[in-house]
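Dropping input_23.txt in here (compact mmCIF, C-alpha atoms and all ligand atoms):
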# COMPACT_ATOMS: atom_id res chain seq x y z
CA MET A 25 0.00 0.00 0.00
CA ALA A 26 1.34 3.44 -0.92
CA LYS A 27 1.94 5.51 2.18
CA LYS A 28 1.62 9.27 2.13
CA SER A 29 3.76 11.81 3.89
CA TYR A 30 2.41 12.80 7.32
CA PRO A 31 2.88 16.23 8.93
CA LEU A 32 5.57 16.26 11.62
CA SER A 33 3.25 18.43 13.72
CA LYS A 34 0.85 15.48 14.05
CA VAL A 35 3.37 12.75 14.90
CA TYR A 36 2.64 13.00 18.62
CA GLY A 37 -0.89 11.74 18.00
CA LEU A 38 0.50 8.49 16.55
CA LEU A 39 2.90 7.81 19.41
CA GLU A 40 1.26 9.15 22.53
CA PRO A 41 1.08 6.07 24.70
CA GLY A 42 -1.61 7.20 27.08
CA PRO A 43 -3.47 6.76 29.24
CA VAL A 44 -4.20 10.42 29.70
CA VAL A 45 -3.55 11.24 33.35
CA LEU A 46 -4.48 13.97 35.80
CA VAL A 47 -1.47 15.28 37.71
CA SER A 48 -2.37 16.80 41.06
CA THR A 49 0.00 19.08 42.93
CA ALA A 50 -0.09 21.04 46.18
CA GLY A 51 1.22 24.42 47.28
CA GLY A 52 0.34 28.04 46.74
CA ASP A 53 -3.27 28.97 47.57
CA ARG A 54 -4.79 25.56 46.79
CA PRO A 55 -4.02 22.24 45.14
CA ASP A 56 -4.10 22.06 41.35
CA ILE A 57 -4.87 19.46 38.67
CA MET A 58 -3.55 19.36 35.11
CA THR A 59 -4.29 16.94 32.30
CA LEU A 60 -1.16 15.28 30.91
CA SER A 61 -0.58 12.81 28.12
CA TRP A 62 3.15 13.18 27.48
CA HIS A 63 4.55 10.60 29.87
CA THR A 64 6.71 7.53 29.54
CA MET A 65 7.90 4.68 31.77
CA ILE A 66 11.65 4.76 32.42
CA GLU A 67 12.24 2.01 35.02
CA PHE A 68 10.29 -0.96 36.44
CA GLU A 69 11.15 -0.76 40.14
CA PRO A 70 11.21 1.60 41.73
CA PRO A 71 8.89 2.84 38.98
CA LEU A 72 10.27 5.92 37.27
CA VAL A 73 8.04 7.96 34.98
CA GLY A 74 9.10 10.83 32.75
CA CYS A 75 6.49 13.60 32.45
CA VAL A 76 6.63 16.69 30.26
CA VAL A 77 5.00 19.56 32.16
CA SER A 78 5.12 22.80 30.21
CA ASN A 79 6.56 25.74 32.12
CA ARG A 80 3.54 27.76 30.99
CA ASN A 81 1.36 25.68 33.33
CA HIS A 82 0.65 26.62 36.93
CA SER A 83 1.33 22.96 37.79
CA PHE A 84 4.94 23.40 36.64
CA ASP A 85 5.58 25.95 39.40
CA LEU A 86 3.86 23.81 42.05
CA LEU A 87 5.69 20.66 40.98
CA ARG A 88 9.06 22.34 40.87
CA ALA A 89 8.57 24.04 44.26
CA SER A 90 7.14 21.02 46.11
CA GLY A 91 9.02 18.21 44.33
CA GLU A 92 5.89 16.06 44.64
CA CYS A 93 2.72 15.18 42.78
CA VAL A 94 0.15 12.44 42.25
CA ILE A 95 -0.41 10.84 38.84
CA ASN A 96 -4.12 10.00 38.80
CA ILE A 97 -5.49 7.73 36.07
CA PRO A 98 -9.02 8.66 35.01
CA THR A 99 -11.56 6.67 32.99
CA LEU A 100 -14.24 7.48 30.43
CA ASP A 101 -16.86 8.40 33.06
CA ILE A 102 -14.94 11.57 33.97
CA ALA A 103 -13.82 12.48 30.42
CA GLU A 104 -15.46 15.92 30.60
CA GLN A 105 -13.49 16.77 33.74
CA VAL A 106 -10.28 15.55 32.08
CA VAL A 107 -10.76 17.98 29.20
CA GLY A 108 -11.82 20.73 31.61
CA CYS A 109 -8.66 20.36 33.72
CA GLY A 110 -6.62 20.55 30.51
CA ASN A 111 -8.19 23.80 29.39
CA SER A 112 -8.14 25.93 32.51
CA SER A 113 -5.52 27.15 34.93
CA GLY A 114 -5.26 26.49 38.63
CA ALA A 115 -3.86 30.00 38.89
CA ASP A 116 -7.42 31.23 38.17
CA ILE A 117 -9.75 28.58 39.57
CA ASP A 118 -10.03 25.77 42.10
CA LYS A 119 -10.31 22.81 39.73
CA PHE A 120 -11.45 20.36 42.44
CA GLU A 121 -14.41 22.63 43.11
CA ARG A 122 -15.10 23.62 39.48
CA PHE A 123 -15.05 20.06 38.13
CA GLY A 124 -16.61 18.29 41.11
CA LEU A 125 -13.56 16.18 41.87
CA THR A 126 -12.76 14.97 45.39
CA PRO A 127 -9.31 15.48 46.99
CA LYS A 128 -8.20 12.74 49.38
CA PRO A 129 -5.05 12.85 51.51
CA ALA A 130 -2.12 10.90 50.11
CA LYS A 131 0.10 8.73 52.32
CA TYR A 132 3.54 10.13 51.47
CA VAL A 133 3.07 13.38 49.53
CA ALA A 134 1.24 16.65 50.17
CA ALA A 135 -0.51 16.57 46.77
CA PRO A 136 -4.01 15.08 47.01
CA LEU A 137 -5.29 11.87 45.41
CA ILE A 138 -8.28 12.36 43.09
CA GLU A 139 -10.93 10.00 44.47
CA GLU A 140 -12.81 9.61 41.15
CA CYS A 141 -9.74 8.18 39.37
CA TYR A 142 -9.31 4.39 39.28
CA ALA A 143 -5.57 4.54 40.14
CA ASN A 144 -3.39 7.04 41.98
CA LEU A 145 0.41 7.10 41.96
CA GLU A 146 2.11 9.17 44.64
CA CYS A 147 5.33 10.57 43.17
CA ARG A 148 8.44 12.44 44.17
CA VAL A 149 10.64 14.25 41.68
CA ALA A 150 13.74 12.06 41.26
CA ASP A 151 15.68 13.97 38.60
CA THR A 152 15.42 17.51 37.26
CA THR A 153 18.28 17.31 34.76
CA LEU A 154 15.95 17.54 31.78
CA VAL A 155 13.59 20.17 33.17
CA THR A 156 15.45 23.16 31.76
CA PRO A 157 15.84 21.87 28.20
CA TYR A 158 12.59 19.85 27.88
CA CYS A 159 10.34 20.52 30.90
CA LEU A 160 10.74 16.79 31.55
CA PHE A 161 10.51 15.72 35.19
CA VAL A 162 11.63 12.23 36.16
CA LEU A 163 9.22 11.08 38.87
CA GLU A 164 9.60 8.15 41.25
CA VAL A 165 6.37 6.42 42.24
CA VAL A 166 6.59 5.90 46.01
CA GLN A 167 3.07 4.56 46.59
CA ALA A 168 0.41 3.24 44.21
CA TRP A 169 -3.33 2.80 44.82
CA ILE A 170 -5.80 1.00 42.60
CA ASP A 171 -9.55 0.33 42.66
CA PRO A 172 -9.70 -3.50 42.76
CA ALA A 173 -13.31 -3.47 41.59
CA MET A 174 -12.38 -1.98 38.24
CA LYS A 175 -11.26 -4.98 36.17
CA ALA A 176 -11.11 -3.38 32.70
CA PRO A 177 -10.67 0.37 33.18
CA ARG A 178 -11.79 2.35 30.14
CA THR A 179 -8.84 4.72 30.07
CA LEU A 180 -8.57 7.63 27.63
CA HIS A 181 -5.75 7.84 25.07
CA HIS A 182 -5.09 11.17 23.42
CA LEU A 183 -4.82 11.27 19.62
CA GLY A 184 -4.52 15.05 19.36
CA HIS A 185 -6.91 17.93 18.73
CA GLY A 186 -9.71 16.73 21.02
CA ASN A 187 -9.67 13.14 19.71
CA PHE A 188 -9.36 10.25 22.13
CA MET A 189 -9.25 6.50 21.89
CA VAL A 190 -10.94 4.57 24.70
CA ALA A 191 -9.27 1.39 25.93
CA GLY A 192 -11.48 -1.57 25.19
CA GLU A 193 -10.74 -5.13 24.15
CA ARG A 194 -8.00 -6.95 26.10
CA ILE A 195 -6.07 -9.97 24.84
CA LYS A 196 -3.38 -12.09 26.45
CA LEU A 197 -0.57 -13.52 24.32
CA LYS A 198 2.08 -16.04 25.31
CA SER A 199 5.45 -14.35 25.52
CA LYS A 200 8.85 -16.03 25.23
CA MET A 201 10.48 -13.13 27.07
CA LYS A 202 11.48 -13.92 30.64
C1 LIG A 301 -5.74 15.74 26.53
C2 LIG A 301 -4.75 16.76 27.04
C3 LIG A 301 -3.43 16.39 27.24
C4 LIG A 301 -2.48 17.32 27.71
N1 LIG A 301 -1.19 16.91 27.90
C5 LIG A 301 -0.28 17.79 28.39
C6 LIG A 301 1.07 17.37 28.63
O1 LIG A 301 1.46 16.24 28.41
N2 LIG A 301 1.95 18.31 29.12
C7 LIG A 301 1.56 19.60 29.38
O2 LIG A 301 2.39 20.41 29.82
N3 LIG A 301 0.28 20.01 29.17
C8 LIG A 301 -0.65 19.13 28.69
N4 LIG A 301 -1.94 19.52 28.51
C9 LIG A 301 -2.30 20.92 28.79
C10 LIG A 301 -2.50 21.22 30.29
O3 LIG A 301 -3.32 20.27 30.91
C11 LIG A 301 -3.13 22.62 30.38
O4 LIG A 301 -2.19 23.59 29.93
C12 LIG A 301 -3.67 22.97 31.75
O5 LIG A 301 -4.51 24.09 31.60
C13 LIG A 301 -2.61 23.28 32.79
O6 LIG A 301 -3.24 23.59 33.99
P1 LIG A 301 -2.53 24.40 35.17
O7 LIG A 301 -2.17 25.76 34.60
O8 LIG A 301 -3.55 24.47 36.24
O9 LIG A 301 -1.30 23.64 35.53
C14 LIG A 301 -2.89 18.62 28.03
C15 LIG A 301 -4.23 19.00 27.84
C16 LIG A 301 -5.15 18.08 27.36
C17 LIG A 301 -6.60 18.47 27.19

Give the structure from the file, written as structure tokens.
Amino acid sequence: MAKKSYPLSKVYGLLEPGPVVLVSTAGGDRPDIMTLSWHTMIEFEPPLVGCVVSNRNHSFDLLRASGECVINIPTLDIAEQVVGCGNSSGADIDKFERFGLTPKPAKYVAAPLIEECYANLECRVADTTLVTPYCLFVLEVVQAWIDPAMKAPRTLHHLGHGNFMVAGERIKLKSKMK
């Protein structure tokens, strides 16, 4: 099949691994939440996650100052809130209040867990080497929580420009890798 050239500006939509997450931070006047899809696993254990947080976001300042955050993994049922948190600034509004989300105390970090998300990963900033050139924070997950009742979470995967894929069918394949 003949392939056609694809704009470089749209490449991210092909590769974004998802799921889209909500990053909660604490500090300043109130806690904040931002939507984030540019993340990648870096290490199994302790789990290290690289997250690109633009320095134009209020969350960038809170994350850099506190060195802590929670990566919350939302599902389809709160998709509207996910988009809302990604199109407003915590410098202007209280996103927990505006979007009807519930903050719960975390075990190890000051940033709150978002109760409505099916998983919550408490994180500490482990490496800031790439923050200045790429706004990329390396986060260490120090505590993870999951809703055991949710067997097949319908996570959201960003394709760009308001388009999302919803996780659905699951298959298990035999792997020769040890
Ligand atoms: C689906 C989606 C994915 C996003 N992914 C990122 C991301 O990976 N990194 C980033 O810096 N901003 C991302 N954003 C934008 C921020 O969520 C947005 O700028 C937000 O308003 C920041 O909030 P804050 O100013 O309260 O921190 C995304 C927005 C949406 C809707």

Compute the set of protein, DNA and RNA residues whose minimum atom distance to ligand LIG 301 (chain A) is at most 6 Å, using only C-alpha atoms and all ligand atoms, and state it as a ChimeraX atom specification.
/A:56-62,76-78,81-83,107,109-114,182

Surrounding residues of region 88-100 of chain A excluding itself and chain neighbours under 2 positions, 9 Å, all atoms listed in the file, as JSON, numbers by chain:
{"A": [43, 44, 45, 46, 47, 48, 49, 50, 51, 83, 84, 85, 86, 102, 103, 104, 106, 130, 133, 134, 135, 136, 137, 138, 139, 140, 141, 142, 143, 144, 145, 146, 147, 148, 149, 150, 152, 161, 163, 165, 177, 178, 179, 180, 190]}

Two-atom distance - CA of Gly37 (chain A), CA of Gly184 (chain A) (Å)
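Spanning CA of Gly37 (chain A) to CA of Gly184 (chain A) is a straight-line distance of 5.1 Å.
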
Atom-to-atom span, CA of Lys175 (chain A) and CA of Glu69 (chain A), Å:
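Atom-to-atom, CA of Lys175 (chain A) to CA of Glu69 (chain A), that is 23.1 Å.
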
Grab the CA of Phe120 (chain A) to CA of Cys159 (chain A) distance for me, in Å with one decimal place.
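Spanning CA of Phe120 (chain A) to CA of Cys159 (chain A) is a straight-line distance of 24.7 Å.
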